[in-house]
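Student: Quick one: this structure, given as structure tokens, is what I'll be asking you about.
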Amino acid sequence: MNTVIRASNIIKTFDLGEVKVRALRGVDLEINEGDFVAILGHSGSGKSTFMNIIGCLDVPSSGEVYIDDNNVANYSRDKLATIRNKKIGFVFQSYNLLSRTTALENVELPLLYNPEVSAVERADLSKKALERVGLGDRLSHLTNQLSGGQQQRVAIARALVNEPLVILADEPTGNLDTRTSYEIMGIFQELNEAGKTIVIVTHETDIAKMCKRNIVFKDGKVIKDFMVDKPINAKEELAKMPKQEDVLV
Amino acid sequence: MNTYNLLKISLKALRKNTFRTFLTMLGIIIGVASVIAMLSIGQGSKDSIESSISELGSNLIMVFPGAQRMGGVNLGSGTSRPLEIGDVEAIEENCTLLEGVTPVAMAQAQLIAGSSNWSSSVYGAYANYFDIRALDIKSGSRFSQSDVNRAAKVCLIGTTVVEELFGEYADPVGQSIRINKVPFKIVGVLEEKGAGMRGEDQDDVVIAPFSTVQRRLLGSTTVQQIFASAKSEDVSEAATEEIEAVLMKQLRVSSADEAFNIRTMSELSNMLSSTSDTMVTLLAGVAGISLIVGGIGIMNIMFVTVTERTREIGLRMAVGAKSKNILLQFLTEAVVISITGGIIGALLGIGVSVGFGNLMGWPVTITPFSIILAFGFSTLIGMFFGWYPARKAANMIPITALRYE
Ligand SMILES: Nc1ncnc2c1ncn2[C@@H]1O[C@H](COP(=O)(O)OP(=O)(O)O)[C@@H](O)[C@H]1O
Ligand SMILES: [Mg+2]
């Protein structure tokens, strides 16, 4: 199995003048191709910090990150931008979509910064990505006309569109109700079955059980790393839930 | 990221804040419009000065007798005599750079034709006066030098005189007119010249042979003025010096200032156009400062925009935008504001110039130069003042920008 991301003895310290926050205190991890990882842990345990570092949005105080076997330690800003553009797809808790912009244009964004993709290809790939997350009929909807779940799907399509090595999602269901969360997890499971490597951060154990591997952070360290026995199928779980209308009546 | 996408992104961003964009643009609009208006009005007045000078004959050299007078008091200490016909002859003989020279005798006289009468200035001169002053004849012809020699009682009159004595559409050539009771025959009418530089009516004149005016109307032998024309504008200064030398010898004075004044049209024209140049530069400079203030407005609003859109910048970086992409995005926004402002300002400036010109009767000349200048300047201002905010955006750290609250 290919290692997609390898983190070796990652230490991250935030220097706030008087106090130093030791957010990561030596993390060693490998994410392999086809993995579907949930990172768990209390608030402040360093999950986001770790995600940002392996996603090349932030740099570690010490330690090394290998992406696709490349040590990115001494990469320039531009080179890191290219890595983010081609190898990583981000999904954020707060969606981070461009407001008053159509779903399609939001999904096109990463491709806009990839000079190898033409305008025609860009629109085509973006449409396909939106179809993959079930929004084929919402292409020209403005993001503020979409529900939270739909917005997060647009964000997933945006993360997918450049066919990244890995999708990193920091609490992707954090702002969503249970039902919508399961819908989103269903999409992730589908993508993982199709071969995508996915890492998500979550608080919720039921969400974590839908992933294949769980990693638990505590005080900036990995304290547990195990494979989930029988991952729950999000779609089956969703089918068992009462319909939304029933709840409302 | 190509230009098309950059433009699309910045137009979209600017449209989100239409009113703010417009206010920002307003600074540039007003700046460009006022630069263009100032330059157009300035160029217009310069052109009109130049054209009225060339109407006067740009090679014209005028000699006035006596020292400089102030309030009628002769300030000169010299005992120089008035100018005489002999001085004119001396100039004629000794000056090589002159096309022609004529004495001028002037009289204010009462004109009578039939039952109408009118008071006007009568100028007596040689026949070449018409060439020296670049006067054209509307009908009839000029008098000849032999008319001058025999003091013929003939004259040419300006259109104002025609109007006053004979009616607007009359052609009085061949008719008789009494000037201070002396009968003269009208041999020609002068082409209309309009108002002069000091607003005087240049068509309210009578021109007659020098000797006739001197003997019949003035009864004196002095020459009130000498008019000459240089062979070309280039030699007009040298020609002036020649005249000066001749007259100093004639009048036996060591300094020209005591005895006579020489004025040239090119001197006058230089003086007037340098005054108007100074004015235009000053006004355009003030207008230019308003353009810079407009630029500072752009910088200010771009800083606000960059701060407001920190998260967007973070997101763009997270999905692969390089510093260069972000820099160009915000620079494009600033330049779009300034170029759009420049276009609107140029149109407004042209409109204001033309409108003002019509309303106030001011001459305006809109030169492509002023438009290019204002336009180029506003573009540069957009780049210059947009650069710093754009660089601030481009240098953001992705994660910090993304987490910005
Ligand atoms: N930019 C930052 N500056 C200072 N401290 C930070 C910063 N980012 C995170 N931290 C601190 O690092 C620790 C880990 O934070 P984080 O990785 O966000 O935790 P989690 O995502 O697991 O809740 C926390 O104590 C947090 O306050
Ligand atoms: Mg977090």
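FYI, nothing fancy with the structure tokens labels: chains A, B, ... in order, residues from 1 per chain, ligands from 1 as they appear.
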Can you tell me which residues surround range 39-45 of chain A at a distance of at most 12 Å, considering only C-alpha atoms, apart from same-chain residues fewer than 6 positions away, and format the answer as a short mmCIF file (atom, residue, chain, number, x, y, z; two decimals) with all heavy atoms, in the first residue's frame?

Tutor:
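Wrote part.cif, looks like this:
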data_model
loop_
_atom_site.label_atom_id
_atom_site.label_comp_id
_atom_site.auth_asym_id
_atom_site.auth_seq_id
_atom_site.Cartn_x
_atom_site.Cartn_y
_atom_site.Cartn_z
N LYS A 12 4.69 21.17 17.03
CA LYS A 12 4.25 22.53 16.70
C LYS A 12 4.03 23.31 17.99
O LYS A 12 3.23 22.91 18.84
CB LYS A 12 2.95 22.50 15.88
CG LYS A 12 2.42 23.86 15.51
CD LYS A 12 3.24 24.54 14.42
CE LYS A 12 2.68 25.90 14.06
NZ LYS A 12 3.49 26.57 13.03
N VAL A 21 2.32 27.68 23.48
CA VAL A 21 1.34 26.60 23.42
C VAL A 21 1.94 25.45 22.62
O VAL A 21 2.27 25.62 21.45
CB VAL A 21 0.03 27.08 22.77
CG1 VAL A 21 -0.98 25.95 22.73
CG2 VAL A 21 -0.53 28.27 23.50
N ARG A 22 2.07 24.30 23.29
CA ARG A 22 2.63 23.14 22.58
C ARG A 22 1.47 22.34 22.00
O ARG A 22 0.92 21.45 22.66
CB ARG A 22 3.48 22.32 23.54
CG ARG A 22 4.70 23.12 24.04
CD ARG A 22 5.34 22.47 25.23
NE ARG A 22 6.06 21.25 24.84
CZ ARG A 22 6.46 20.34 25.74
NH1 ARG A 22 6.21 20.52 27.02
NH2 ARG A 22 7.11 19.26 25.33
N ALA A 23 1.09 22.71 20.80
CA ALA A 23 -0.09 22.12 20.17
C ALA A 23 0.17 20.68 19.72
O ALA A 23 -0.69 19.82 19.82
CB ALA A 23 -0.55 22.97 18.99
N LEU A 24 1.34 20.40 19.19
CA LEU A 24 1.71 19.03 18.80
C LEU A 24 3.06 18.71 19.44
O LEU A 24 4.00 19.48 19.34
CB LEU A 24 1.79 18.91 17.28
CG LEU A 24 0.49 19.13 16.49
CD1 LEU A 24 0.77 19.12 15.00
CD2 LEU A 24 -0.55 18.06 16.84
N ARG A 25 3.12 17.56 20.07
CA ARG A 25 4.36 17.23 20.81
C ARG A 25 5.00 15.95 20.28
O ARG A 25 5.34 15.05 21.05
CB ARG A 25 4.07 17.03 22.29
CG ARG A 25 3.14 18.05 22.88
CD ARG A 25 2.87 17.70 24.32
NE ARG A 25 2.00 18.68 24.91
CZ ARG A 25 2.00 19.00 26.20
NH1 ARG A 25 2.85 18.40 27.01
NH2 ARG A 25 1.18 19.90 26.65
N VAL A 27 4.32 13.95 16.70
CA VAL A 27 3.32 13.07 16.09
C VAL A 27 3.94 12.32 14.93
O VAL A 27 4.57 12.91 14.06
CB VAL A 27 2.09 13.89 15.60
CG1 VAL A 27 1.11 12.99 14.87
CG2 VAL A 27 1.42 14.59 16.77
N LEU A 29 2.79 9.64 12.02
CA LEU A 29 1.61 9.01 11.41
C LEU A 29 1.85 8.76 9.94
O LEU A 29 2.59 9.49 9.28
CB LEU A 29 0.40 9.95 11.53
CG LEU A 29 -0.56 9.80 12.71
CD1 LEU A 29 -1.69 10.80 12.55
CD2 LEU A 29 -1.11 8.38 12.80
N ILE A 31 -0.52 8.03 6.50
CA ILE A 31 -1.83 7.87 5.88
C ILE A 31 -1.59 7.15 4.55
O ILE A 31 -0.78 7.61 3.75
CB ILE A 31 -2.50 9.24 5.61
CG1 ILE A 31 -2.44 10.16 6.83
CG2 ILE A 31 -3.92 9.06 5.09
CD1 ILE A 31 -3.38 9.86 7.94
N MET A 51 -3.93 18.70 10.96
CA MET A 51 -4.51 18.73 9.61
C MET A 51 -3.91 19.86 8.78
O MET A 51 -3.59 19.68 7.61
CB MET A 51 -6.02 18.94 9.69
CG MET A 51 -6.79 17.77 10.22
SD MET A 51 -6.88 16.42 9.03
CE MET A 51 -8.48 16.74 8.30
N LEU A 168 -8.80 16.29 2.92
CA LEU A 168 -8.69 16.58 4.35
C LEU A 168 -9.91 17.38 4.76
O LEU A 168 -10.15 18.45 4.23
CB LEU A 168 -7.41 17.38 4.63
CG LEU A 168 -6.09 16.75 4.20
CD1 LEU A 168 -4.93 17.71 4.49
CD2 LEU A 168 -5.86 15.42 4.91
N ALA A 169 -10.69 16.82 5.70
CA ALA A 169 -11.91 17.52 6.11
C ALA A 169 -11.88 17.73 7.62
O ALA A 169 -11.90 16.77 8.39
CB ALA A 169 -13.13 16.70 5.69
N ASP A 170 -11.80 19.00 8.05
CA ASP A 170 -11.74 19.33 9.47
C ASP A 170 -13.15 19.59 9.99
O ASP A 170 -13.74 20.63 9.67
CB ASP A 170 -10.84 20.56 9.68
CG ASP A 170 -10.48 20.75 11.15
OD1 ASP A 170 -11.11 20.10 12.00
OD2 ASP A 170 -9.57 21.57 11.43
N GLU A 171 -13.67 18.65 10.72
CA GLU A 171 -15.04 18.71 11.25
C GLU A 171 -16.06 19.08 10.17
O GLU A 171 -16.79 20.05 10.31
CB GLU A 171 -15.12 19.70 12.42
CG GLU A 171 -14.13 19.34 13.52
CD GLU A 171 -14.46 19.99 14.85
OE1 GLU A 171 -15.66 20.19 15.12
OE2 GLU A 171 -13.52 20.29 15.61
N PRO A 172 -16.14 18.28 9.12
CA PRO A 172 -17.04 18.62 8.00
C PRO A 172 -18.51 18.58 8.40
O PRO A 172 -19.33 19.20 7.75
CB PRO A 172 -16.73 17.53 6.97
CG PRO A 172 -16.20 16.39 7.76
CD PRO A 172 -15.47 16.99 8.92
N ILE A 198 -9.21 9.61 2.42
CA ILE A 198 -9.92 10.69 3.13
C ILE A 198 -9.51 10.72 4.60
O ILE A 198 -9.39 9.68 5.24
CB ILE A 198 -11.45 10.48 3.03
CG1 ILE A 198 -11.89 10.50 1.55
CG2 ILE A 198 -12.21 11.57 3.82
CD1 ILE A 198 -13.32 10.06 1.32
N VAL A 199 -9.25 11.93 5.09
CA VAL A 199 -9.00 12.10 6.52
C VAL A 199 -9.99 13.13 7.04
O VAL A 199 -10.08 14.23 6.49
CB VAL A 199 -7.56 12.61 6.79
CG1 VAL A 199 -7.32 12.77 8.29
CG2 VAL A 199 -6.52 11.68 6.18
N ILE A 200 -10.77 12.74 8.05
CA ILE A 200 -11.67 13.73 8.63
C ILE A 200 -11.37 13.90 10.12
O ILE A 200 -10.82 13.00 10.75
CB ILE A 200 -13.17 13.38 8.42
CG1 ILE A 200 -13.56 12.18 9.28
CG2 ILE A 200 -13.49 13.13 6.96
CD1 ILE A 200 -15.07 11.98 9.34
N VAL A 201 -11.71 15.08 10.62
CA VAL A 201 -11.62 15.32 12.06
C VAL A 201 -13.05 15.36 12.58
O VAL A 201 -13.93 15.92 11.92
CB VAL A 201 -10.92 16.67 12.34
CG1 VAL A 201 -11.12 17.06 13.81
CG2 VAL A 201 -9.46 16.59 12.01
N THR A 202 -13.31 14.71 13.69
CA THR A 202 -14.66 14.75 14.25
C THR A 202 -14.64 14.59 15.76
O THR A 202 -13.70 14.04 16.33
CB THR A 202 -15.56 13.67 13.60
OG1 THR A 202 -16.88 13.81 14.11
CG2 THR A 202 -15.03 12.28 13.86
N HIS A 203 -15.69 15.09 16.41
CA HIS A 203 -15.88 14.86 17.84
C HIS A 203 -16.73 13.62 18.06
O HIS A 203 -16.68 13.00 19.10
CB HIS A 203 -16.72 15.99 18.47
CG HIS A 203 -16.04 17.29 18.58
ND1 HIS A 203 -14.81 17.42 19.17
CD2 HIS A 203 -16.41 18.54 18.19
CE1 HIS A 203 -14.47 18.70 19.14
NE2 HIS A 203 -15.42 19.39 18.54
N GLU A 204 -17.58 13.38 17.05
CA GLU A 204 -18.67 12.44 17.27
C GLU A 204 -18.25 11.00 16.99
O GLU A 204 -17.73 10.70 15.91
CB GLU A 204 -19.86 12.83 16.39
CG GLU A 204 -20.44 14.17 16.77
CD GLU A 204 -20.87 14.98 15.56
OE1 GLU A 204 -20.00 15.60 14.92
OE2 GLU A 204 -22.06 14.97 15.26
N THR A 205 -18.54 10.12 17.95
CA THR A 205 -18.10 8.73 17.80
C THR A 205 -18.87 8.02 16.71
O THR A 205 -18.33 7.16 16.02
CB THR A 205 -18.23 7.97 19.13
OG1 THR A 205 -19.45 8.35 19.76
CG2 THR A 205 -17.06 8.28 20.05
N ASP A 206 -20.16 8.38 16.54
CA ASP A 206 -20.93 7.69 15.49
C ASP A 206 -20.37 8.02 14.11
O ASP A 206 -20.31 7.16 13.23
CB ASP A 206 -22.42 8.01 15.58
CG ASP A 206 -22.70 9.50 15.57
OD1 ASP A 206 -21.78 10.29 15.93
OD2 ASP A 206 -23.82 9.89 15.20
N ILE A 207 -19.94 9.25 13.94
CA ILE A 207 -19.33 9.64 12.66
C ILE A 207 -18.01 8.89 12.50
O ILE A 207 -17.71 8.34 11.43
CB ILE A 207 -19.08 11.17 12.63
CG1 ILE A 207 -20.39 11.95 12.70
CG2 ILE A 207 -18.26 11.57 11.40
CD1 ILE A 207 -21.23 11.93 11.46
N ALA A 208 -17.23 8.80 13.60
CA ALA A 208 -15.95 8.12 13.54
C ALA A 208 -16.13 6.65 13.16
O ALA A 208 -15.31 6.08 12.44
CB ALA A 208 -15.23 8.25 14.88
N LYS A 209 -17.22 6.07 13.64
CA LYS A 209 -17.43 4.63 13.35
C LYS A 209 -17.78 4.38 11.89
O LYS A 209 -17.81 3.24 11.44
CB LYS A 209 -18.54 4.09 14.27
CG LYS A 209 -18.09 4.00 15.73
CD LYS A 209 -18.83 2.89 16.44
CE LYS A 209 -18.40 2.76 17.90
NZ LYS A 209 -19.16 3.69 18.79
N CYS A 211 -15.92 5.56 9.63
CA CYS A 211 -14.63 5.55 8.94
C CYS A 211 -13.95 4.20 9.17
O CYS A 211 -14.35 3.42 10.04
CB CYS A 211 -13.75 6.67 9.47
SG CYS A 211 -14.55 8.27 9.29
N LYS A 212 -12.90 3.94 8.38
CA LYS A 212 -12.25 2.63 8.49
C LYS A 212 -11.18 2.60 9.57
O LYS A 212 -10.82 1.56 10.07
CB LYS A 212 -11.63 2.28 7.13
CG LYS A 212 -12.69 2.07 6.04
CD LYS A 212 -12.22 1.23 4.88
CE LYS A 212 -11.29 2.00 3.97
NZ LYS A 212 -11.20 1.43 2.61
N ARG A 213 -10.62 3.79 9.86
CA ARG A 213 -9.53 3.82 10.83
C ARG A 213 -9.73 5.02 11.75
O ARG A 213 -10.13 6.08 11.27
CB ARG A 213 -8.22 3.96 10.05
CG ARG A 213 -6.96 4.02 10.87
CD ARG A 213 -5.79 4.23 9.94
NE ARG A 213 -4.58 4.58 10.65
CZ ARG A 213 -3.50 5.09 10.08
NH1 ARG A 213 -3.49 5.32 8.76
NH2 ARG A 213 -2.43 5.38 10.79
N ASN A 214 -9.49 4.83 13.02
CA ASN A 214 -9.64 5.92 13.97
C ASN A 214 -8.31 6.22 14.65
O ASN A 214 -7.58 5.31 15.04
CB ASN A 214 -10.67 5.59 15.04
CG ASN A 214 -12.10 5.69 14.52
OD1 ASN A 214 -12.31 5.96 13.34
ND2 ASN A 214 -13.06 5.47 15.38
N ILE A 215 -8.03 7.51 14.77
CA ILE A 215 -6.81 7.94 15.45
C ILE A 215 -7.24 8.91 16.54
O ILE A 215 -8.01 9.84 16.27
CB ILE A 215 -5.84 8.63 14.48
CG1 ILE A 215 -5.37 7.63 13.42
CG2 ILE A 215 -4.65 9.23 15.22
CD1 ILE A 215 -4.63 8.24 12.27
N VAL A 216 -6.78 8.70 17.75
CA VAL A 216 -7.18 9.58 18.84
C VAL A 216 -6.00 10.44 19.29
O VAL A 216 -4.91 9.94 19.53
CB VAL A 216 -7.76 8.79 20.03
CG1 VAL A 216 -8.25 9.74 21.12
CG2 VAL A 216 -8.88 7.86 19.58
N PHE A 217 -6.25 11.76 19.33
CA PHE A 217 -5.25 12.71 19.79
C PHE A 217 -5.53 13.08 21.23
O PHE A 217 -6.68 13.20 21.66
CB PHE A 217 -5.31 14.00 18.95
CG PHE A 217 -4.46 13.98 17.71
CD1 PHE A 217 -4.64 13.00 16.75
CD2 PHE A 217 -3.47 14.95 17.51
CE1 PHE A 217 -3.86 12.99 15.61
CE2 PHE A 217 -2.69 14.94 16.37
CZ PHE A 217 -2.88 13.96 15.41
N LYS A 218 -4.46 13.26 22.00
CA LYS A 218 -4.62 13.84 23.33
C LYS A 218 -3.39 14.66 23.63
O LYS A 218 -2.27 14.19 23.50
CB LYS A 218 -4.79 12.73 24.37
CG LYS A 218 -5.31 13.29 25.68
CD LYS A 218 -5.43 12.22 26.75
CE LYS A 218 -5.88 12.88 28.04
NZ LYS A 218 -5.59 12.05 29.20
N ASP A 219 -3.61 15.89 24.01
CA ASP A 219 -2.51 16.81 24.36
C ASP A 219 -1.38 16.82 23.32
O ASP A 219 -0.21 16.76 23.67
CB ASP A 219 -1.94 16.45 25.73
CG ASP A 219 -2.98 16.64 26.82
OD1 ASP A 219 -3.88 17.48 26.61
OD2 ASP A 219 -2.89 15.95 27.84
N GLY A 220 -1.76 16.84 22.10
CA GLY A 220 -0.76 16.98 21.04
C GLY A 220 -0.02 15.69 20.70
O GLY A 220 1.03 15.73 20.07
N LYS A 221 -0.61 14.56 21.15
CA LYS A 221 0.03 13.28 20.82
C LYS A 221 -1.02 12.29 20.37
O LYS A 221 -2.20 12.40 20.73
CB LYS A 221 0.75 12.73 22.05
CG LYS A 221 2.11 13.33 22.29
CD LYS A 221 2.80 12.61 23.41
CE LYS A 221 4.28 12.98 23.43
NZ LYS A 221 4.93 12.50 24.64
N VAL A 222 -0.58 11.29 19.60
CA VAL A 222 -1.49 10.22 19.20
C VAL A 222 -1.52 9.20 20.33
O VAL A 222 -0.46 8.69 20.73
CB VAL A 222 -0.99 9.55 17.91
CG1 VAL A 222 -1.87 8.36 17.57
CG2 VAL A 222 -0.98 10.56 16.77
N ILE A 223 -2.70 8.94 20.89
CA ILE A 223 -2.74 7.95 21.97
C ILE A 223 -3.37 6.63 21.51
O ILE A 223 -3.16 5.61 22.13
CB ILE A 223 -3.46 8.47 23.23
CG1 ILE A 223 -4.87 8.96 22.88
CG2 ILE A 223 -2.66 9.57 23.92
CD1 ILE A 223 -5.77 9.01 24.11
N LYS A 224 -4.13 6.68 20.45
CA LYS A 224 -4.71 5.43 19.93
C LYS A 224 -4.73 5.51 18.42
O LYS A 224 -4.92 6.58 17.84
CB LYS A 224 -6.15 5.25 20.44
CG LYS A 224 -6.27 4.63 21.80
CD LYS A 224 -7.75 4.36 22.04
CE LYS A 224 -8.04 4.39 23.55
NZ LYS A 224 -9.48 4.52 23.81
N ASP A 225 -4.54 4.39 17.77
CA ASP A 225 -4.61 4.31 16.31
C ASP A 225 -5.08 2.90 15.97
O ASP A 225 -4.33 1.94 16.16
CB ASP A 225 -3.21 4.61 15.73
CG ASP A 225 -3.23 4.62 14.20
OD1 ASP A 225 -4.27 4.25 13.61
OD2 ASP A 225 -2.20 5.00 13.60
N PHE A 226 -6.33 2.75 15.56
CA PHE A 226 -6.85 1.39 15.34
C PHE A 226 -7.81 1.36 14.16
O PHE A 226 -8.36 2.39 13.75
CB PHE A 226 -7.56 0.90 16.62
CG PHE A 226 -8.70 1.77 17.05
CD1 PHE A 226 -10.00 1.50 16.64
CD2 PHE A 226 -8.47 2.87 17.87
CE1 PHE A 226 -11.06 2.30 17.04
CE2 PHE A 226 -9.54 3.68 18.27
CZ PHE A 226 -10.82 3.40 17.87
N MET A 227 -7.99 0.14 13.62
CA MET A 227 -8.93 -0.04 12.53
C MET A 227 -10.31 -0.30 13.14
O MET A 227 -10.44 -0.98 14.16
CB MET A 227 -8.53 -1.25 11.67
CG MET A 227 -7.14 -1.14 11.04
SD MET A 227 -6.91 0.39 10.10
CE MET A 227 -7.89 0.04 8.67
#

Student: Give the residues of chain A that lie within 7 Å of chain B; count only C-alpha atoms, and format the answer as a PyMOL selection string.

Tutor: chain A and resi 57-58+78+81-82+84-85+96+110+112-113+115

Student: What would the file look like if the residues just selected were written as an mmCIF file, in the first residue's frame with all heavy atoms?

Tutor:
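Saved to result_24.cif:
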data_model
loop_
_atom_site.group_PDB
_atom_site.id
_atom_site.type_symbol
_atom_site.label_atom_id
_atom_site.label_comp_id
_atom_site.auth_asym_id
_atom_site.auth_seq_id
_atom_site.Cartn_x
_atom_site.Cartn_y
_atom_site.Cartn_z
ATOM 1 N N LEU A 57 -0.870 23.976 4.856
ATOM 2 C CA LEU A 57 -1.350 25.335 5.128
ATOM 3 C C LEU A 57 -0.495 25.976 6.208
ATOM 4 O O LEU A 57 -0.478 27.180 6.376
ATOM 5 C CB LEU A 57 -2.799 25.292 5.615
ATOM 6 C CG LEU A 57 -3.881 25.087 4.566
ATOM 7 C CD1 LEU A 57 -5.220 24.915 5.241
ATOM 8 C CD2 LEU A 57 -3.922 26.252 3.591
ATOM 9 N N ASP A 58 0.170 25.140 6.960
ATOM 10 C CA ASP A 58 0.980 25.618 8.076
ATOM 11 C C ASP A 58 2.268 24.792 8.077
ATOM 12 O O ASP A 58 2.322 23.721 7.476
ATOM 13 C CB ASP A 58 0.197 25.413 9.389
ATOM 14 C CG ASP A 58 0.643 26.394 10.473
ATOM 15 O OD1 ASP A 58 1.649 27.100 10.247
ATOM 16 O OD2 ASP A 58 -0.015 26.439 11.534
ATOM 17 N N ASP A 78 5.316 29.227 -3.175
ATOM 18 C CA ASP A 78 4.690 28.877 -4.451
ATOM 19 C C ASP A 78 4.608 27.367 -4.644
ATOM 20 O O ASP A 78 3.625 26.838 -5.152
ATOM 21 C CB ASP A 78 5.468 29.507 -5.616
ATOM 22 C CG ASP A 78 5.105 30.972 -5.797
ATOM 23 O OD1 ASP A 78 4.286 31.479 -4.994
ATOM 24 O OD2 ASP A 78 5.643 31.615 -6.725
ATOM 25 N N ALA A 81 1.925 26.063 -2.617
ATOM 26 C CA ALA A 81 0.638 26.381 -3.253
ATOM 27 C C ALA A 81 0.320 25.340 -4.315
ATOM 28 O O ALA A 81 -0.826 24.893 -4.450
ATOM 29 C CB ALA A 81 0.676 27.780 -3.852
ATOM 30 N N THR A 82 1.327 24.943 -5.073
ATOM 31 C CA THR A 82 1.118 23.943 -6.120
ATOM 32 C C THR A 82 0.751 22.592 -5.507
ATOM 33 O O THR A 82 -0.133 21.887 -6.021
ATOM 34 C CB THR A 82 2.384 23.815 -6.988
ATOM 35 O OG1 THR A 82 2.775 25.115 -7.407
ATOM 36 C CG2 THR A 82 2.141 22.945 -8.196
ATOM 37 N N ARG A 84 -0.788 22.130 -2.650
ATOM 38 C CA ARG A 84 -2.179 22.243 -2.195
ATOM 39 C C ARG A 84 -3.140 22.155 -3.368
ATOM 40 O O ARG A 84 -4.212 21.584 -3.282
ATOM 41 C CB ARG A 84 -2.402 23.581 -1.470
ATOM 42 C CG ARG A 84 -1.698 23.696 -0.135
ATOM 43 C CD ARG A 84 -2.238 24.882 0.657
ATOM 44 N NE ARG A 84 -1.963 26.168 0.057
ATOM 45 C CZ ARG A 84 -0.886 26.902 0.302
ATOM 46 N NH1 ARG A 84 0.035 26.471 1.145
ATOM 47 N NH2 ARG A 84 -0.712 28.059 -0.289
ATOM 48 N N ASN A 85 -2.703 22.754 -4.470
ATOM 49 C CA ASN A 85 -3.567 22.792 -5.644
ATOM 50 C C ASN A 85 -3.772 21.412 -6.256
ATOM 51 O O ASN A 85 -4.863 21.070 -6.690
ATOM 52 C CB ASN A 85 -2.955 23.746 -6.674
ATOM 53 C CG ASN A 85 -3.851 23.970 -7.868
ATOM 54 O OD1 ASN A 85 -3.485 23.664 -8.985
ATOM 55 N ND2 ASN A 85 -5.047 24.488 -7.621
ATOM 56 N N ASN A 96 -16.630 27.615 3.848
ATOM 57 C CA ASN A 96 -15.730 28.550 3.153
ATOM 58 C C ASN A 96 -15.977 28.647 1.652
ATOM 59 O O ASN A 96 -15.060 28.536 0.846
ATOM 60 C CB ASN A 96 -14.270 28.165 3.392
ATOM 61 C CG ASN A 96 -13.706 28.858 4.615
ATOM 62 O OD1 ASN A 96 -14.208 29.903 5.021
ATOM 63 N ND2 ASN A 96 -12.693 28.287 5.200
ATOM 64 N N PRO A 110 -10.281 25.792 -7.609
ATOM 65 C CA PRO A 110 -8.927 25.219 -7.616
ATOM 66 C C PRO A 110 -8.365 25.105 -9.039
ATOM 67 O O PRO A 110 -7.168 25.295 -9.248
ATOM 68 C CB PRO A 110 -9.118 23.831 -7.009
ATOM 69 C CG PRO A 110 -10.391 23.909 -6.246
ATOM 70 C CD PRO A 110 -11.255 24.886 -6.991
ATOM 71 N N LEU A 112 -8.923 27.047 -11.463
ATOM 72 C CA LEU A 112 -8.567 28.379 -11.947
ATOM 73 C C LEU A 112 -7.089 28.660 -11.704
ATOM 74 O O LEU A 112 -6.450 29.416 -12.420
ATOM 75 C CB LEU A 112 -9.410 29.395 -11.167
ATOM 76 C CG LEU A 112 -9.882 30.653 -11.852
ATOM 77 C CD1 LEU A 112 -10.594 30.339 -13.140
ATOM 78 C CD2 LEU A 112 -10.819 31.403 -10.922
ATOM 79 N N TYR A 113 -6.563 28.010 -10.655
ATOM 80 C CA TYR A 113 -5.153 28.229 -10.332
ATOM 81 C C TYR A 113 -4.260 27.115 -10.882
ATOM 82 O O TYR A 113 -3.107 27.003 -10.515
ATOM 83 C CB TYR A 113 -4.994 28.356 -8.810
ATOM 84 C CG TYR A 113 -5.719 29.568 -8.270
ATOM 85 C CD1 TYR A 113 -6.867 29.460 -7.512
ATOM 86 C CD2 TYR A 113 -5.239 30.845 -8.580
ATOM 87 C CE1 TYR A 113 -7.531 30.581 -7.055
ATOM 88 C CE2 TYR A 113 -5.912 31.970 -8.124
ATOM 89 C CZ TYR A 113 -7.052 31.836 -7.365
ATOM 90 O OH TYR A 113 -7.705 32.953 -6.920
ATOM 91 N N PRO A 115 -2.834 26.102 -14.336
ATOM 92 C CA PRO A 115 -2.722 26.568 -15.720
ATOM 93 C C PRO A 115 -2.857 25.457 -16.757
ATOM 94 O O PRO A 115 -3.080 25.729 -17.932
ATOM 95 C CB PRO A 115 -1.329 27.204 -15.784
ATOM 96 C CG PRO A 115 -0.620 26.805 -14.544
ATOM 97 C CD PRO A 115 -1.598 26.279 -13.565
#

Student: I need the residues in range 134-188 of chain B that are strand (DSSP E or B) according to DSSP; give them as a list of chain:residue names.

Tutor: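 Restricting range 134-188 of chain B to strand (DSSP E or B) produces B:Ile137, B:Lys138, B:Ser139, B:Gly140, B:Val154, B:Cys155, B:Leu156, B:Ile157, B:Ser176, B:Ile177, B:Arg178, B:Ile179, B:Val182, B:Pro183, B:Phe184, B:Lys185, B:Ile186, B:Val187, B:Gly188.
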
Student: With distances taken over only C-alpha atoms, which residue among B:Ile9, B:Leu217, B:Val35, B:Leu283 lies nearest Ser378 in chain B?

Tutor: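 Going through B:Ile9, B:Leu217, B:Val35, B:Leu283 one by one, the smallest distance to Ser378 in chain B is for B:Val35.
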
Student: Taking 5 positions as the minimum chain separation for residues in the same chain, which residues sit within 12 Å of range 352-359 of chain B when counting only C-alpha atoms? Answer as a list in words.

Tutor: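 Answer for this query is Ile30, Val32, Ala33, Ser34, Val35, Ile36, Ala37, Met38, Leu39, Ser40, Ile41, Gly42, Gln43, Gly44, Ser45, Ile344, Gly345, Ala346, Leu347, Val364, Thr365, Ile366, Thr367 and Ser370 of chain B.
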